[in-house]
>>> print(open('data30.cif').read())   # mmCIF, C-alpha atoms
data_upload
loop_
_atom_site.label_atom_id
_atom_site.label_comp_id
_atom_site.auth_asym_id
_atom_site.auth_seq_id
_atom_site.Cartn_x
_atom_site.Cartn_y
_atom_site.Cartn_z
CA ARG A 33 -21.99 -5.81 20.38
CA ALA A 34 -19.65 -7.85 18.18
CA GLY A 35 -21.66 -9.16 15.23
CA TYR A 36 -24.78 -7.47 16.61
CA THR A 37 -26.75 -7.63 13.33
CA LEU A 38 -25.42 -10.96 12.04
CA ASN A 39 -28.30 -12.81 10.43
CA VAL A 40 -27.54 -15.43 7.79
CA GLY A 41 -23.75 -15.21 7.82
CA THR A 42 -21.94 -18.37 8.92
CA GLU A 43 -18.64 -19.44 10.44
CA ASN A 44 -17.48 -16.00 11.60
CA VAL A 45 -15.20 -15.33 14.57
CA LEU A 46 -15.79 -11.89 16.09
CA ALA A 47 -14.07 -10.33 19.09
CA GLY A 48 -14.05 -6.75 20.35
CA TYR A 49 -16.46 -3.88 20.89
CA ARG A 50 -18.56 -3.41 17.70
CA ALA A 51 -16.35 -5.77 15.70
CA GLY A 52 -18.30 -6.66 12.56
CA VAL A 53 -21.33 -4.93 14.03
CA SER A 54 -23.02 -4.42 10.62
CA LEU A 55 -22.38 -7.87 9.21
CA THR A 56 -25.66 -9.45 8.17
CA ASP A 57 -24.71 -12.14 5.66
CA GLY A 58 -20.92 -12.05 5.65
CA SER A 59 -19.28 -15.42 6.21
CA TYR A 60 -15.95 -17.08 7.03
CA ASN A 61 -14.41 -13.96 8.58
CA VAL A 62 -12.10 -13.51 11.54
CA ILE A 63 -12.57 -10.01 12.94
CA ALA A 64 -10.94 -8.81 16.14
CA GLY A 65 -10.49 -5.34 17.58
CA TYR A 66 -12.35 -2.27 18.75
CA ASN A 67 -14.53 -0.99 15.88
CA ALA A 68 -13.00 -3.43 13.41
CA LEU A 69 -14.96 -3.73 10.14
CA VAL A 70 -17.90 -1.75 11.46
CA THR A 71 -19.61 -0.84 8.17
CA SER A 72 -19.43 -3.94 5.97
CA GLU A 73 -22.50 -6.17 5.62
CA ASP A 74 -21.43 -8.98 3.29
CA SER A 75 -17.63 -9.37 3.26
CA ILE A 76 -16.31 -12.93 3.08
CA TYR A 77 -13.13 -14.90 3.80
CA ASN A 78 -11.28 -12.05 5.53
CA VAL A 79 -8.90 -11.81 8.48
CA ILE A 80 -9.05 -8.38 10.10
CA ILE A 81 -7.29 -7.65 13.37
CA GLY A 82 -6.61 -4.28 14.98
CA HIS A 83 -8.06 -1.15 16.51
CA GLN A 84 -10.47 0.33 13.95
CA ALA A 85 -9.09 -1.93 11.25
CA PHE A 86 -11.15 -1.46 8.07
CA LEU A 87 -13.50 0.71 10.13
CA ASN A 88 -15.43 2.27 7.21
CA SER A 89 -14.82 -0.45 4.64
CA THR A 90 -17.18 -2.56 2.54
CA GLY A 91 -16.87 -5.14 -0.22
CA LEU A 92 -13.89 -7.10 1.13
CA ASN A 93 -13.08 -10.55 -0.20
CA ARG A 94 -10.19 -12.80 0.82
CA THR A 95 -8.34 -9.86 2.34
CA VAL A 96 -5.99 -9.73 5.32
CA GLY A 97 -5.51 -6.61 7.45
CA ILE A 98 -3.52 -6.49 10.67
CA GLY A 99 -2.75 -3.28 12.57
CA GLY A 100 -4.36 -0.17 13.96
CA ASP A 101 -6.31 1.82 11.35
CA VAL A 102 -5.21 -0.60 8.64
CA GLY A 103 -7.49 -0.27 5.60
CA TYR A 104 -9.43 2.34 7.56
CA THR A 105 -11.49 3.54 4.57
CA ALA A 106 -10.82 0.88 1.94
CA PHE A 107 -13.51 -0.40 -0.42
CA ASN A 108 -14.03 -3.28 -2.84
CA LEU A 109 -10.81 -5.20 -2.25
CA THR A 110 -9.98 -8.72 -3.33
CA ASP A 111 -6.93 -10.77 -2.32
CA CYS A 112 -5.16 -7.84 -0.66
CA THR A 113 -2.83 -7.97 2.34
CA PHE A 114 -2.18 -4.93 4.54
CA VAL A 115 -0.07 -5.15 7.69
CA GLY A 116 1.03 -2.16 9.77
CA PHE A 117 -0.46 1.01 11.18
CA SER A 118 -2.60 2.69 8.48
CA ALA A 119 -1.25 0.39 5.75
CA GLY A 120 -3.56 0.47 2.72
CA LYS A 121 -5.68 2.99 4.56
CA LEU A 122 -7.47 4.46 1.53
CA ASN A 123 -7.27 1.71 -1.09
CA PHE A 124 -10.32 1.61 -3.39
CA GLY A 125 -11.26 -1.04 -5.94
CA CYS A 126 -7.98 -2.97 -5.77
CA ASP A 127 -6.95 -6.55 -6.45
CA ALA A 128 -3.91 -8.38 -5.08
CA ASN A 129 -2.09 -5.45 -3.49
CA THR A 130 0.36 -6.12 -0.67
CA TYR A 131 1.38 -3.31 1.68
CA LEU A 132 3.46 -4.12 4.75
CA GLY A 133 4.67 -1.39 7.09
CA ALA A 134 3.28 1.71 8.76
CA TRP A 135 1.53 3.86 6.14
CA ALA A 136 2.69 1.64 3.29
CA GLY A 137 0.30 2.34 0.42
CA GLY A 138 -1.76 4.23 2.94
CA ALA A 139 -2.79 7.40 1.10
CA THR A 140 -4.00 5.96 -2.19
CA SER A 141 -7.58 6.39 -3.40
CA THR A 142 -7.38 5.32 -7.07
CA PRO A 143 -7.95 1.70 -8.16
CA HIS A 144 -4.70 -0.15 -8.88
CA ASN A 145 -3.64 -3.80 -8.81
CA TYR A 146 -0.67 -6.08 -8.12
CA ALA A 147 1.30 -3.44 -6.21
CA VAL A 148 3.78 -4.28 -3.46
CA GLY A 149 5.04 -1.90 -0.78
CA VAL A 150 7.21 -3.09 2.10
CA GLY A 151 8.57 -0.59 4.59
CA PHE A 152 7.68 2.60 6.44
CA TYR A 153 5.75 4.85 3.98
CA ALA A 154 6.71 2.61 1.05
CA GLY A 155 4.60 3.58 -1.96
CA VAL A 156 2.49 5.75 0.33
CA VAL A 157 0.67 7.59 -2.49
CA ASN A 158 1.06 4.93 -5.17
CA ARG A 159 -1.92 4.42 -7.45
CA ALA A 160 -0.18 2.61 -10.30
CA SER A 161 -0.37 -1.11 -11.01
CA GLY A 162 2.56 -3.49 -11.08
CA THR A 163 4.91 -1.52 -8.84
CA VAL A 164 7.32 -2.86 -6.24
CA ALA A 165 8.66 -0.69 -3.42
CA ILE A 166 10.86 -2.27 -0.75
CA GLY A 167 12.47 -0.07 1.87
CA SER A 168 11.48 2.86 4.03
CA ARG A 169 10.02 5.63 1.83
CA ALA A 170 10.84 3.77 -1.37
CA LEU A 171 8.74 5.09 -4.27
CA PHE A 172 7.54 7.71 -1.79
CA SER A 173 6.11 10.13 -4.37
CA ASN A 174 4.97 7.67 -7.02
CA THR A 175 1.43 8.31 -8.24
CA THR A 176 0.78 6.94 -11.73
CA GLY A 177 4.20 5.63 -12.73
CA SER A 178 3.68 1.95 -13.54
CA GLY A 179 6.08 -0.96 -13.71
CA ASN A 180 8.64 0.54 -11.33
CA THR A 181 10.80 -1.57 -9.04
CA SER A 182 12.43 0.26 -6.14
CA VAL A 183 14.57 -1.51 -3.54
CA GLY A 184 16.36 0.55 -0.92
CA PHE A 185 15.80 3.43 1.48
CA GLU A 186 14.31 6.41 -0.42
CA SER A 187 15.11 4.84 -3.79
CA LEU A 188 13.07 6.48 -6.57
CA TYR A 189 11.93 8.88 -3.86
CA THR A 190 10.76 11.75 -6.10
CA ASN A 191 9.44 9.65 -8.96
CA SER A 192 5.83 10.56 -9.60
CA THR A 193 4.80 9.53 -13.11
CA GLY A 194 7.93 7.93 -14.56
CA SER A 195 7.53 4.28 -15.54
CA SER A 196 9.65 1.16 -15.97
CA ASN A 197 12.49 2.25 -13.69
CA THR A 198 14.56 -0.19 -11.67
CA THR A 199 16.64 0.73 -8.64
CA VAL A 200 18.55 -1.29 -6.06
CA GLY A 201 20.38 0.66 -3.42
CA TYR A 202 20.18 3.34 -0.76
CA GLN A 203 18.72 6.52 -2.34
CA ALA A 204 19.34 5.22 -5.86
CA LEU A 205 17.66 7.45 -8.46
CA ARG A 206 16.37 9.55 -5.62
CA THR A 207 15.62 12.72 -7.62
CA ILE A 208 14.41 11.20 -10.90
CA GLY A 209 11.15 13.17 -11.00
CA THR A 210 9.04 12.07 -14.00
CA ASN A 211 11.60 10.20 -16.09
CA SER A 212 11.34 6.61 -17.27
CA GLN A 213 13.37 3.54 -18.24
CA CYS A 214 16.34 4.11 -15.95
CA THR A 215 18.31 1.47 -14.06
CA ALA A 216 20.45 2.29 -11.04
CA VAL A 217 22.23 -0.29 -8.89
CA GLY A 218 24.33 0.86 -5.99
CA ARG A 219 24.19 3.34 -3.13
CA GLU A 220 23.14 6.77 -4.48
CA ALA A 221 23.58 5.63 -8.07
CA LEU A 222 22.11 8.24 -10.46
CA TYR A 223 21.15 10.20 -7.35
CA ASN A 224 20.59 13.51 -9.19
CA ASN A 225 19.38 12.04 -12.46
CA THR A 226 16.68 14.08 -14.21
CA SER A 227 16.63 12.40 -17.61
CA ALA A 228 15.39 9.16 -19.15
CA GLY A 229 16.96 5.93 -20.27
CA ASN A 230 20.14 5.91 -18.16
CA THR A 231 21.88 2.96 -16.55
CA ALA A 232 24.44 3.18 -13.75
CA LEU A 233 26.04 0.42 -11.69
CA GLY A 234 28.11 0.99 -8.57
CA TYR A 235 28.54 3.27 -5.58
CA ARG A 236 27.45 6.78 -6.58
CA ALA A 237 27.69 5.86 -10.25
CA GLY A 238 26.32 8.75 -12.33
CA TYR A 239 25.71 10.68 -9.10
CA THR A 240 25.90 14.13 -10.73
CA ASN A 241 24.19 13.24 -14.01
CA ALA A 242 21.41 15.76 -14.49
CA GLY A 243 20.37 16.12 -18.12
CA GLY A 244 22.25 13.42 -20.00
CA SER A 245 20.29 10.50 -21.46
CA ASN A 246 21.28 7.00 -22.53
#
>>> encode(input="data30.cif", output="structure tokens")
Amino acid sequence: RAGYTLNVGTENVLAGYRAGVSLTDGSYNVIAGYNALVTSEDSIYNVIIGHQAFLNSTGLNRTVGIGGDVGYTAFNLTDCTFVGFSAGKLNFGCDANTYLGAWAGGATSTPHNYAVGVGFYAGVVNRASGTVAIGSRALFSNTTGSGNTSVGFESLYTNSTGSSNTTVGYQALRTIGTNSQCTAVGREALYNNTSAGNTALGYRAGYTNAGGSN
């Protein structure tokens, strides 16, 4: 039943039980996998591969999704790339987001753009634009904090609404909470920081800083 209802759509490649089953006028898609892109009728220029990939999704344009349950309930996406189990699973109304890794950006339901998450659970609940999370569980708790760059395992782990933070290193700025404009470079730099505007460079630099700013 791949492409069962396809009517005026052209140049589609469909493979797998019920793959693209609701497409009527969607064109230029490659869809492969059991129940892949079941709901969409008019998506164009997409590559979707995986078991139940984009199962309940509609309004996809120039989007790539590879992996089981990737983009499972994602809507109105343009120029997005999701790779990994449940990556980008709940993304709504997004442009140019890139999530690579199991559950990367997977539990987000608020429109946001130009976000990058690479790694297991990287930016899993992120709904802010212009964020970069690279490393397993980097920016794990980030919700609306924009302009953050987090590189390293569990860096900026507890940040939720703090903005314009930059971290490079294993668990750097791990317990920052809601503070902004901090820079930490080095393993566990500013690990216990709970204030804004601090900069620390080096192994465990500022590790015990709790309330001091600037």
>>> resolve_selection(input="data30.cif", expression="the PyMOL selection byres ((chain A and resi 154-170) around 9)", output="PDB file with C-alpha atoms, keeping the file's coordinate frame")
ATOM      1  CA  ALA A 119      -1.250   0.390   5.750  1.00  0.00           C
ATOM      2  CA  GLY A 120      -3.560   0.470   2.720  1.00  0.00           C
ATOM      3  CA  ASN A 123      -7.270   1.710  -1.090  1.00  0.00           C
ATOM      4  CA  ASN A 129      -2.090  -5.450  -3.490  1.00  0.00           C
ATOM      5  CA  TYR A 131       1.380  -3.310   1.680  1.00  0.00           C
ATOM      6  CA  LEU A 132       3.460  -4.120   4.750  1.00  0.00           C
ATOM      7  CA  GLY A 133       4.670  -1.390   7.090  1.00  0.00           C
ATOM      8  CA  ALA A 134       3.280   1.710   8.760  1.00  0.00           C
ATOM      9  CA  TRP A 135       1.530   3.860   6.140  1.00  0.00           C
ATOM     10  CA  ALA A 136       2.690   1.640   3.290  1.00  0.00           C
ATOM     11  CA  GLY A 137       0.300   2.340   0.420  1.00  0.00           C
ATOM     12  CA  GLY A 138      -1.760   4.230   2.940  1.00  0.00           C
ATOM     13  CA  ALA A 139      -2.790   7.400   1.100  1.00  0.00           C
ATOM     14  CA  THR A 140      -4.000   5.960  -2.190  1.00  0.00           C
ATOM     15  CA  SER A 141      -7.580   6.390  -3.400  1.00  0.00           C
ATOM     16  CA  THR A 142      -7.380   5.320  -7.070  1.00  0.00           C
ATOM     17  CA  PRO A 143      -7.950   1.700  -8.160  1.00  0.00           C
ATOM     18  CA  HIS A 144      -4.700  -0.150  -8.880  1.00  0.00           C
ATOM     19  CA  ASN A 145      -3.640  -3.800  -8.810  1.00  0.00           C
ATOM     20  CA  TYR A 146      -0.670  -6.080  -8.120  1.00  0.00           C
ATOM     21  CA  ALA A 147       1.300  -3.440  -6.210  1.00  0.00           C
ATOM     22  CA  VAL A 148       3.780  -4.280  -3.460  1.00  0.00           C
ATOM     23  CA  GLY A 149       5.040  -1.900  -0.780  1.00  0.00           C
ATOM     24  CA  VAL A 150       7.210  -3.090   2.100  1.00  0.00           C
ATOM     25  CA  GLY A 151       8.570  -0.590   4.590  1.00  0.00           C
ATOM     26  CA  PHE A 152       7.680   2.600   6.440  1.00  0.00           C
ATOM     27  CA  TYR A 153       5.750   4.850   3.980  1.00  0.00           C
ATOM     28  CA  LEU A 171       8.740   5.090  -4.270  1.00  0.00           C
ATOM     29  CA  PHE A 172       7.540   7.710  -1.790  1.00  0.00           C
ATOM     30  CA  SER A 173       6.110  10.130  -4.370  1.00  0.00           C
ATOM     31  CA  ASN A 174       4.970   7.670  -7.020  1.00  0.00           C
ATOM     32  CA  THR A 175       1.430   8.310  -8.240  1.00  0.00           C
ATOM     33  CA  THR A 176       0.780   6.940 -11.730  1.00  0.00           C
ATOM     34  CA  GLY A 177       4.200   5.630 -12.730  1.00  0.00           C
ATOM     35  CA  SER A 178       3.680   1.950 -13.540  1.00  0.00           C
ATOM     36  CA  GLY A 179       6.080  -0.960 -13.710  1.00  0.00           C
ATOM     37  CA  ASN A 180       8.640   0.540 -11.330  1.00  0.00           C
ATOM     38  CA  THR A 181      10.800  -1.570  -9.040  1.00  0.00           C
ATOM     39  CA  SER A 182      12.430   0.260  -6.140  1.00  0.00           C
ATOM     40  CA  VAL A 183      14.570  -1.510  -3.540  1.00  0.00           C
ATOM     41  CA  GLY A 184      16.360   0.550  -0.920  1.00  0.00           C
ATOM     42  CA  PHE A 185      15.800   3.430   1.480  1.00  0.00           C
ATOM     43  CA  GLU A 186      14.310   6.410  -0.420  1.00  0.00           C
ATOM     44  CA  SER A 187      15.110   4.840  -3.790  1.00  0.00           C
ATOM     45  CA  LEU A 188      13.070   6.480  -6.570  1.00  0.00           C
ATOM     46  CA  TYR A 189      11.930   8.880  -3.860  1.00  0.00           C
ATOM     47  CA  SER A 192       5.830  10.560  -9.600  1.00  0.00           C
ATOM     48  CA  THR A 193       4.800   9.530 -13.110  1.00  0.00           C
ATOM     49  CA  SER A 196       9.650   1.160 -15.970  1.00  0.00           C
ATOM     50  CA  TYR A 202      20.180   3.340  -0.760  1.00  0.00           C
ATOM     51  CA  GLN A 203      18.720   6.520  -2.340  1.00  0.00           C
TER      52      GLN A 203
END
>>> atom_distance(input="data30.cif", atom1="atom CA of Cys112 of chain A", atom2="atom CA of Thr199 of chain A")
24.7 Å
>>> atom_distance(input="data30.cif", atom1="atom CA of Lys121 of chain A", atom2="atom CA of Tyr60 of chain A")
22.7 Å
>>> atom_distance(input="data30.cif", atom1="atom CA of Ser59 of chain A", atom2="atom CA of Gln84 of chain A")
19.6 Å
>>> residues_around(input="data30.cif", residues="segment 218-229 of chain A", least_positions_apart="5", cutoff="8 Å", atoms="only C-alpha atoms", output="list in words")
Val200, Gly201, Tyr202, Gln203, Ala204, Leu205, Arg206, Thr207, Ile208, Gly209, Thr210, Asn211, Ser212, Gln213, Gly234, Tyr235, Arg236, Ala237, Gly238, Tyr239, Thr240, Asn241, Ala242, Gly243, Gly244, Ser245 and Asn246 of chain A
>>> resolve_selection(input="data30.cif", expression="the PyMOL selection byres ((chain A and resi 48) around 10)", output="JSON, numbers by chain")
{"A": [33, 34, 35, 46, 47, 49, 50, 51, 52, 53, 63, 64, 65, 66, 67, 68, 81, 82, 83]}
>>> residues_around(input="data30.cif", residues="Gly97 of chain A", least_positions_apart="6", cutoff="8 Å", atoms="all atoms listed in the file", output="VMD selection string")
chain A and resid 79 to 82 85 to 86 103 113 to 115
>>> write_last_selection(input="data30.cif", atoms="C-alpha atoms", output="PDB file, in the coordinates of the input")
ATOM      1  CA  VAL A  79      -8.900 -11.810   8.480  1.00  0.00           C
ATOM      2  CA  ILE A  80      -9.050  -8.380  10.100  1.00  0.00           C
ATOM      3  CA  ILE A  81      -7.290  -7.650  13.370  1.00  0.00           C
ATOM      4  CA  GLY A  82      -6.610  -4.280  14.980  1.00  0.00           C
ATOM      5  CA  ALA A  85      -9.090  -1.930  11.250  1.00  0.00           C
ATOM      6  CA  PHE A  86     -11.150  -1.460   8.070  1.00  0.00           C
ATOM      7  CA  GLY A 103      -7.490  -0.270   5.600  1.00  0.00           C
ATOM      8  CA  THR A 113      -2.830  -7.970   2.340  1.00  0.00           C
ATOM      9  CA  PHE A 114      -2.180  -4.930   4.540  1.00  0.00           C
ATOM     10  CA  VAL A 115      -0.070  -5.150   7.690  1.00  0.00           C
TER      11      VAL A 115
END
>>> residues_near_point(input="data30.cif", point="(21.1, 3.1, -14.2)", cutoff="7 Å", atoms="all atoms listed in the file", output="list in words")
Cys214, Thr215, Ala216, Val217, Leu222, Asn230, Thr231, Ala232 and Leu233 of chain A
>>> axis_aligned_box(input="data30.cif", around="segment 40-58 of chain A", padding_each_side="8 Å", output="JSON")
{"center_x": -20.8, "center_y": -11.4, "center_z": 13.3, "size_x": 29.5, "size_y": 32.0, "size_z": 31.2}
>>> build_atoms(input="data30.cif", residues="segment 40-51 of chain A", atoms="all heavy atoms", output="mmCIF file, keeping the file's coordinate frame")
data_model
loop_
_atom_site.group_PDB
_atom_site.id
_atom_site.type_symbol
_atom_site.label_atom_id
_atom_site.label_comp_id
_atom_site.auth_asym_id
_atom_site.auth_seq_id
_atom_site.Cartn_x
_atom_site.Cartn_y
_atom_site.Cartn_z
ATOM 1 N N VAL A 40 -27.718 -14.158 8.496
ATOM 2 C CA VAL A 40 -27.540 -15.430 7.790
ATOM 3 C C VAL A 40 -26.071 -15.785 7.581
ATOM 4 O O VAL A 40 -25.767 -16.845 7.037
ATOM 5 C CB VAL A 40 -28.277 -15.402 6.433
ATOM 6 C CG1 VAL A 40 -29.761 -15.250 6.651
ATOM 7 C CG2 VAL A 40 -27.734 -14.305 5.534
ATOM 8 N N GLY A 41 -25.166 -14.915 7.967
ATOM 9 C CA GLY A 41 -23.750 -15.210 7.820
ATOM 10 C C GLY A 41 -23.344 -16.403 8.674
ATOM 11 O O GLY A 41 -23.896 -16.635 9.752
ATOM 12 N N THR A 42 -22.352 -17.160 8.201
ATOM 13 C CA THR A 42 -21.940 -18.370 8.920
ATOM 14 C C THR A 42 -20.435 -18.401 9.133
ATOM 15 O O THR A 42 -19.666 -17.772 8.414
ATOM 16 C CB THR A 42 -22.352 -19.629 8.139
ATOM 17 O OG1 THR A 42 -21.667 -19.650 6.877
ATOM 18 C CG2 THR A 42 -23.843 -19.673 7.914
ATOM 19 N N GLU A 43 -20.028 -19.132 10.152
ATOM 20 C CA GLU A 43 -18.640 -19.440 10.440
ATOM 21 C C GLU A 43 -17.763 -18.187 10.556
ATOM 22 O O GLU A 43 -16.663 -18.106 10.001
ATOM 23 C CB GLU A 43 -18.077 -20.396 9.395
ATOM 24 C CG GLU A 43 -18.812 -21.739 9.376
ATOM 25 C CD GLU A 43 -18.221 -22.728 8.406
ATOM 26 O OE1 GLU A 43 -16.986 -22.878 8.393
ATOM 27 O OE2 GLU A 43 -19.004 -23.339 7.655
ATOM 28 N N ASN A 44 -18.248 -17.205 11.289
ATOM 29 C CA ASN A 44 -17.480 -16.000 11.600
ATOM 30 C C ASN A 44 -16.935 -16.082 13.021
ATOM 31 O O ASN A 44 -17.569 -16.652 13.911
ATOM 32 C CB ASN A 44 -18.368 -14.750 11.485
ATOM 33 C CG ASN A 44 -18.802 -14.489 10.064
ATOM 34 O OD1 ASN A 44 -18.006 -14.149 9.203
ATOM 35 N ND2 ASN A 44 -20.099 -14.659 9.811
ATOM 36 N N VAL A 45 -15.758 -15.493 13.235
ATOM 37 C CA VAL A 45 -15.200 -15.330 14.570
ATOM 38 C C VAL A 45 -15.054 -13.838 14.825
ATOM 39 O O VAL A 45 -14.328 -13.147 14.098
ATOM 40 C CB VAL A 45 -13.838 -16.030 14.718
ATOM 41 C CG1 VAL A 45 -13.271 -15.778 16.105
ATOM 42 C CG2 VAL A 45 -13.974 -17.518 14.452
ATOM 43 N N LEU A 46 -15.761 -13.317 15.821
ATOM 44 C CA LEU A 46 -15.790 -11.890 16.090
ATOM 45 C C LEU A 46 -15.406 -11.611 17.532
ATOM 46 O O LEU A 46 -15.944 -12.236 18.443
ATOM 47 C CB LEU A 46 -17.192 -11.325 15.819
ATOM 48 C CG LEU A 46 -17.825 -11.683 14.457
ATOM 49 C CD1 LEU A 46 -19.263 -11.212 14.406
ATOM 50 C CD2 LEU A 46 -17.018 -11.062 13.326
ATOM 51 N N ALA A 47 -14.488 -10.666 17.728
ATOM 52 C CA ALA A 47 -14.070 -10.330 19.090
ATOM 53 C C ALA A 47 -13.740 -8.851 19.175
ATOM 54 O O ALA A 47 -12.985 -8.333 18.353
ATOM 55 C CB ALA A 47 -12.854 -11.167 19.491
ATOM 56 N N GLY A 48 -14.330 -8.167 20.157
ATOM 57 C CA GLY A 48 -14.050 -6.750 20.350
ATOM 58 C C GLY A 48 -15.288 -5.900 20.214
ATOM 59 O O GLY A 48 -16.224 -6.252 19.482
ATOM 60 N N TYR A 49 -15.305 -4.778 20.898
ATOM 61 C CA TYR A 49 -16.460 -3.880 20.890
ATOM 62 C C TYR A 49 -16.799 -3.456 19.466
ATOM 63 O O TYR A 49 -15.966 -2.904 18.749
ATOM 64 C CB TYR A 49 -16.190 -2.669 21.760
ATOM 65 C CG TYR A 49 -17.311 -1.656 21.761
ATOM 66 C CD1 TYR A 49 -18.504 -1.914 22.432
ATOM 67 C CD2 TYR A 49 -17.184 -0.444 21.092
ATOM 68 C CE1 TYR A 49 -19.540 -0.996 22.439
ATOM 69 C CE2 TYR A 49 -18.205 0.488 21.096
ATOM 70 C CZ TYR A 49 -19.380 0.207 21.764
ATOM 71 O OH TYR A 49 -20.402 1.128 21.765
ATOM 72 N N ARG A 50 -18.006 -3.751 19.010
ATOM 73 C CA ARG A 50 -18.560 -3.410 17.700
ATOM 74 C C ARG A 50 -17.817 -4.062 16.534
ATOM 75 O O ARG A 50 -17.969 -3.653 15.383
ATOM 76 C CB ARG A 50 -18.622 -1.886 17.510
ATOM 77 C CG ARG A 50 -19.471 -1.162 18.543
ATOM 78 C CD ARG A 50 -19.619 0.317 18.234
ATOM 79 N NE ARG A 50 -20.566 0.532 17.148
ATOM 80 C CZ ARG A 50 -20.343 1.336 16.106
ATOM 81 N NH1 ARG A 50 -19.193 1.967 16.003
ATOM 82 N NH2 ARG A 50 -21.260 1.505 15.180
ATOM 83 N N ALA A 51 -17.016 -5.052 16.801
ATOM 84 C CA ALA A 51 -16.350 -5.770 15.700
ATOM 85 C C ALA A 51 -17.397 -6.404 14.792
ATOM 86 O O ALA A 51 -18.274 -7.125 15.257
ATOM 87 C CB ALA A 51 -15.414 -6.832 16.260
#
